[in-house]
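Asks: Here's a structure for you.
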Amino acid sequence: MNLWELTIHEAAGMLRKKEISSVELTTAVLNRIAAVDDKIAAYITVCADSAMDAANAADRAIANGRTTPLTGIPVAIKDLMCTKEIRTTCGSRILENFVPPYDATVVEKLNTAGAVIVGKLNMDEFAMGSTTENSGFSPTRNPWDITRIPGGSSGGSAAAVAADMCLGALGSDTGGSIRQPASHCGVVGLKPTYGRVSRYGLVAFASSLDQIGPLAKDVTDCALMMNAIAGHDPRDSTSVPREVPDYTLSLKKETLDGMVIGIPREYGSTEGVDPEVLGLIDAAIRRLEEMGAKCVEVSLPHTEYVVAAYYVIAPCEASSNLARYDGVKYGYRDAASGQLLEMYRTTRSAGFGREVQRRIVIGTYALSAGYYDAYYKKASQVRTLIMSDFKKAFETCDVLVSPVAPTPALKLGEISDDPLRMYLSDIFTLSANMAGIPGISVPCGYSAGGLPVGLQILGSHFEESTILSLAAAFERGLALTDRKPKL
């Protein structure tokens, strides 16, 4: 096996036994990036020099017996988390040359754990999109079929993990942006409970919805990364002061006896779901029952309003958050403009892409005088009803399962000119962000064309251990053929 094919826990074991060094492992990953990223475009910035410095430091720490499960492990970061002295673009030309003076909390935590950050990953501009075609630099391609999307907005993160260009990655999830690309790229992706992981240093899209989480090659690696990044942060007012368990302790369950799994009635009647996806999800549910779980039907009656409510709330918050990019304080400025207001207009018109501009306009309109009550207030009320739906469902079951996306990965360009269809591609994932609950995507099979499909597992607030436990048992019980993208 090539070193870059290792999982985090496999590599960590070899590093502790001194069978390999972090320098060797990091060199192998950087060579892998050089060999295949021209086909995938998962990276915006590769940090080879600083990565090798970190790898040397990790080897010294290992030699002195100071290790964590992430010491010496090459990982990568979605390019909307601030990294000191490493540019952070958010996939946008308006921040093309922005270099933050500080690290995001999650980056600090990875550095403290001894992880080796090898680069910053491509994304839909300011996390707005479901395909990573909205990047201001280039679209990312799916390693399983480079004519197809990797999903989004954390498409670079999912593609990099799937193509073995890092051993794990961080993404962010505002409406499915970790889980959906994880499904399309055949990796594991976890969106934690809102407030479980600090958002300090995350460049905001929609502040009440955004959450940072890990993407990894298996469930064990996801748990290891969660152990490193979760926890209270006084610098983030939305961070919850709650003790962090050792998530790896929840992975040992061999059977699912006694676990009750809810199957949302409304998800089975959703239009536009590929029959292959439904077939794989049905097979996954049968396998869960064979492993001892009890499956029951539950109702989430306000599901039909999720997409509409989300696409009022998220653009409204984006309109507010992105008002700071005006060409005055940092980022791109149109120097040709002679007047201040004209400079604002031309800077934002040239610096933002079409999808970002579309959402700013929608959000500004919905927040304008005379429309706030009709749109934002009403959407917020619907959000409360959605949260109540989940609370009631979890009174009768431990977790919920559903598809992650309606289809396997689509062709590049297939929905890029159809915003409504793109928005509907997140129909199964949006509700978790609206309710603030955790969710995970774990591979459950492949389409007839060989494309990965993920199973979504949703839990109640702060029940990451429960969904990780089920995901790990399912991963072992399904025992998928060890397929790899052919690059």
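Here's how to read the names in the structure tokens: chain A, B, ... by the order shown, residue numbers from 1 in each chain, ligand numbers from 1 in the order shown.
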Find the spatial neighbours of Val442 (chain A), counting only C-alpha atoms, within a cut-off of 8 Å - ignore same-chain residues fewer than 5 positions away - and output them as a list of chain:residue names.

Replies: A:Ala182, A:Ser183, A:Gly186, A:Val187, A:Val188, A:Gly189, A:Val219, A:Gly454, A:Leu455, A:Gln456, A:Ala471, A:Glu475

Asks: Considering only strand (DSSP E) as DSSP defines it on the backbone, what residues of region 58-253 of chain A qualify? List them as a count of residues only.

Replies: 27

Asks: With a distance cut-off of 8 Å and only C-alpha atoms, select the neighbouring residues of Cys222 (chain A), excluding the residue or stretch itself and same-chain residues fewer than 5 positions from it, and output the selection as a ChimeraX atom specification.

Replies: /A:188-190,214-217

Asks: A:Gln357, A:Ser239, A:Ser469, A:Ser441: which is nearest Glu254 (chain A), counting only C-alpha atoms?

Replies: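 Checking each of A:Gln357, A:Ser239, A:Ser469, A:Ser441 against Glu254 (chain A), counting only C-alpha atoms, the winner is A:Ser469.
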
Asks: Could you state the separation of CA of Ala42 (chain A) and CA of Lys78 (chain A) in Å, given to one decimal place?

Replies: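 Between CA of Ala42 (chain A) and CA of Lys78 (chain A) the gap works out to 9.7 Å.
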
Asks: Can you pull out the residues contacting Leu209 (chain A)? Cut-off 12 Å, using only C-alpha atoms, and skip same-chain residues under 5 positions away; I want them as a PyMOL selection string.

Replies: chain A and resi 127+172-177+191-195+199+204+238+310-311+313-318+383+429-438

Asks: Mind dumping a table of every region 106-177 of chain A residue within 9 Å of region 81-86 of chain A, with the nearest atom pair and its distance in Å to one decimal, using only C-alpha atoms, sorted by chain and rising number, as CSV?

Replies:
residue,atom,partner,partner_atom,distance
A:Val106,CA,A:Met81,CA,8.2
A:Val107,CA,A:Thr83,CA,6.9
A:Glu108,CA,A:Thr83,CA,8.8
A:Gly119,CA,A:Ile86,CA,8.8
A:Lys120,CA,A:Ile86,CA,8.6
A:Gly171,CA,A:Met81,CA,8.9
A:Ser172,CA,A:Met81,CA,9.0

Asks: Can you check which parts of region 243-296 of chain A lie within 9 Å of region 404-413 of chain A? Per residue, the shortest pair of atoms and distance in Å to one decimal, counting only C-alpha atoms, sorted by chain and number, as JSON lines.

Replies:
{"residue": "A:Thr270", "atom": "CA", "partner": "A:Pro406", "partner_atom": "CA", "distance": 8.7}
{"residue": "A:Glu271", "atom": "CA", "partner": "A:Pro406", "partner_atom": "CA", "distance": 8.8}
{"residue": "A:Gly272", "atom": "CA", "partner": "A:Pro406", "partner_atom": "CA", "distance": 6.7}
{"residue": "A:Val273", "atom": "CA", "partner": "A:Pro406", "partner_atom": "CA", "distance": 4.4}
{"residue": "A:Asp274", "atom": "CA", "partner": "A:Thr407", "partner_atom": "CA", "distance": 5.2}
{"residue": "A:Pro275", "atom": "CA", "partner": "A:Thr407", "partner_atom": "CA", "distance": 8.6}
{"residue": "A:Glu276", "atom": "CA", "partner": "A:Thr407", "partner_atom": "CA", "distance": 8.0}
{"residue": "A:Val277", "atom": "CA", "partner": "A:Thr407", "partner_atom": "CA", "distance": 6.3}
{"residue": "A:Leu278", "atom": "CA", "partner": "A:Pro406", "partner_atom": "CA", "distance": 8.4}

Asks: I want to know what sits within 7 Å of Ile386 (chain A), based on only C-alpha atoms, with residues of the same chain fewer than 4 positions away left out; could you give that as JSON, numbers by chain?

Replies: {"A": [302, 382, 390, 435]}

Asks: Compare A:Gly72, A:Gly459, A:Cys166, A:Asn122 by their minimum atom-to-atom distance to Trp4 (chain A), counting only C-alpha atoms, and give me the closest one.

Replies: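 Among the listed residues, the smallest separation from Trp4 (chain A) belongs to A:Cys166.
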
Asks: If DSSP is run on the backbone, what residues of region 86-330 of chain A are alpha helix (DSSP H)? A reply as number ranges by chain would be ideal.

Replies: A: 105-112, 155-162, 179-185, 219-229, 265-268, 275-290, 306-321

Asks: Create the file for the chosen residues now, containing C-alpha atoms and written as an mmCIF file, in the first residue's frame.

Replies:
data_model
loop_
_atom_site.group_PDB
_atom_site.id
_atom_site.type_symbol
_atom_site.label_atom_id
_atom_site.label_comp_id
_atom_site.auth_asym_id
_atom_site.auth_seq_id
_atom_site.Cartn_x
_atom_site.Cartn_y
_atom_site.Cartn_z
ATOM 1 C CA THR A 105 -9.813 27.929 16.396
ATOM 2 C CA VAL A 106 -10.070 24.613 14.532
ATOM 3 C CA VAL A 107 -6.732 25.314 12.838
ATOM 4 C CA GLU A 108 -5.177 26.139 16.213
ATOM 5 C CA LYS A 109 -6.510 22.847 17.563
ATOM 6 C CA LEU A 110 -5.092 20.845 14.654
ATOM 7 C CA ASN A 111 -1.723 22.552 15.080
ATOM 8 C CA THR A 112 -1.788 21.821 18.818
ATOM 9 C CA GLY A 155 -16.158 19.667 -2.909
ATOM 10 C CA GLY A 156 -12.419 20.262 -2.697
ATOM 11 C CA SER A 157 -12.332 18.673 0.771
ATOM 12 C CA ALA A 158 -14.258 15.565 -0.291
ATOM 13 C CA ALA A 159 -12.331 15.162 -3.554
ATOM 14 C CA ALA A 160 -8.954 15.541 -1.825
ATOM 15 C CA VAL A 161 -9.800 12.803 0.697
ATOM 16 C CA ALA A 162 -11.247 10.498 -1.976
ATOM 17 C CA ARG A 179 -22.531 15.505 3.738
ATOM 18 C CA GLN A 180 -23.476 15.928 0.080
ATOM 19 C CA PRO A 181 -19.898 16.014 -1.326
ATOM 20 C CA ALA A 182 -18.970 13.169 1.041
ATOM 21 C CA SER A 183 -21.765 11.123 -0.540
ATOM 22 C CA HIS A 184 -20.744 12.007 -4.090
ATOM 23 C CA CYS A 185 -17.067 11.207 -3.447
ATOM 24 C CA VAL A 219 -15.825 6.600 10.491
ATOM 25 C CA THR A 220 -12.918 6.012 12.890
ATOM 26 C CA ASP A 221 -10.938 8.833 11.289
ATOM 27 C CA CYS A 222 -14.001 11.088 11.516
ATOM 28 C CA ALA A 223 -14.219 10.412 15.258
ATOM 29 C CA LEU A 224 -10.513 11.105 15.729
ATOM 30 C CA MET A 225 -10.816 14.458 13.981
ATOM 31 C CA MET A 226 -13.890 15.338 16.025
ATOM 32 C CA ASN A 227 -11.952 14.616 19.213
ATOM 33 C CA ALA A 228 -9.394 17.205 18.099
ATOM 34 C CA ILE A 229 -11.689 20.025 16.961
ATOM 35 C CA ARG A 265 -42.365 9.296 5.664
ATOM 36 C CA GLU A 266 -41.987 12.536 3.712
ATOM 37 C CA TYR A 267 -38.560 11.635 2.312
ATOM 38 C CA GLY A 268 -39.971 8.562 0.574
ATOM 39 C CA PRO A 275 -34.472 5.025 -8.381
ATOM 40 C CA GLU A 276 -30.920 3.727 -7.932
ATOM 41 C CA VAL A 277 -30.468 5.940 -4.878
ATOM 42 C CA LEU A 278 -33.777 4.768 -3.400
ATOM 43 C CA GLY A 279 -32.777 1.143 -4.043
ATOM 44 C CA LEU A 280 -29.462 1.553 -2.254
ATOM 45 C CA ILE A 281 -31.087 3.328 0.709
ATOM 46 C CA ASP A 282 -33.740 0.597 0.978
ATOM 47 C CA ALA A 283 -30.984 -2.035 0.926
ATOM 48 C CA ALA A 284 -29.111 -0.125 3.643
ATOM 49 C CA ILE A 285 -32.241 -0.017 5.816
ATOM 50 C CA ARG A 286 -32.720 -3.781 5.383
ATOM 51 C CA ARG A 287 -29.100 -4.330 6.387
ATOM 52 C CA LEU A 288 -29.595 -2.212 9.521
ATOM 53 C CA GLU A 289 -32.601 -4.347 10.434
ATOM 54 C CA GLU A 290 -30.572 -7.525 9.893
ATOM 55 C CA VAL A 306 -37.598 23.401 4.241
ATOM 56 C CA VAL A 307 -36.115 24.490 0.911
ATOM 57 C CA ALA A 308 -38.200 27.681 0.728
ATOM 58 C CA ALA A 309 -37.445 28.671 4.321
ATOM 59 C CA TYR A 310 -33.732 27.915 3.983
ATOM 60 C CA TYR A 311 -33.385 29.960 0.812
ATOM 61 C CA VAL A 312 -34.815 32.975 2.600
ATOM 62 C CA ILE A 313 -32.784 32.671 5.825
ATOM 63 C CA ALA A 314 -29.428 31.790 4.249
ATOM 64 C CA PRO A 315 -29.399 34.611 1.647
ATOM 65 C CA CYS A 316 -30.549 37.125 4.265
ATOM 66 C CA GLU A 317 -27.639 36.217 6.524
ATOM 67 C CA ALA A 318 -25.271 36.144 3.542
ATOM 68 C CA SER A 319 -26.374 39.624 2.498
ATOM 69 C CA SER A 320 -25.477 40.906 5.960
ATOM 70 C CA ASN A 321 -22.207 38.982 6.306
#

Asks: Could you jot down the CA of Ile360 (chain A) to CA of Asp373 (chain A) separation for me, Å, one decimal place?

Replies: 18.2 Å

Asks: If we count only C-alpha atoms, what is near Glu355 (chain A) at a cut-off of 9 Å, once residues fewer than 3 positions away on the same chain are taken out, given as a PDB file with C-alpha atoms, in the first residue's frame?

Replies:
ATOM      1  CA  GLU A 125     -17.391  30.873  -3.611  1.00  0.00           C
ATOM      2  CA  MET A 128     -22.604  29.169  -1.951  1.00  0.00           C
ATOM      3  CA  GLY A 129     -23.315  26.196  -4.154  1.00  0.00           C
ATOM      4  CA  ASN A 134     -18.989  28.299  -8.393  1.00  0.00           C
ATOM      5  CA  PHE A 352     -18.260  38.409  -6.534  1.00  0.00           C
ATOM      6  CA  ARG A 358     -27.782  36.283  -6.757  1.00  0.00           C
ATOM      7  CA  ARG A 359     -27.968  35.389  -3.055  1.00  0.00           C
ATOM      8  CA  ILE A 360     -26.976  38.881  -1.912  1.00  0.00           C
ATOM      9  CA  PRO A 419     -30.268  27.525  -9.697  1.00  0.00           C
TER      10      PRO A 419
END

Asks: Restricting the calculation to only C-alpha atoms: of A:Lys18, A:Lys294, A:His461, A:Arg345, which residue gets closest to Asn64 (chain A)?

Replies: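 Nearest candidate to Asn64 (chain A) out of A:Lys18, A:Lys294, A:His461, A:Arg345: A:Lys18.
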
Asks: Between A:Lys377, A:Lys392, A:Ala115, A:Ala473, single out the one closest to Asp257 (chain A), counting only C-alpha atoms.

Replies: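 The answer is A:Ala473, which sits nearest to Asp257 (chain A).
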
Asks: Using only C-alpha atoms for the distances, tell me which of A:Ser153, A:Thr347, A:Asn2, A:Thr131 is nearest to Arg93 (chain A).

Replies: A:Thr347
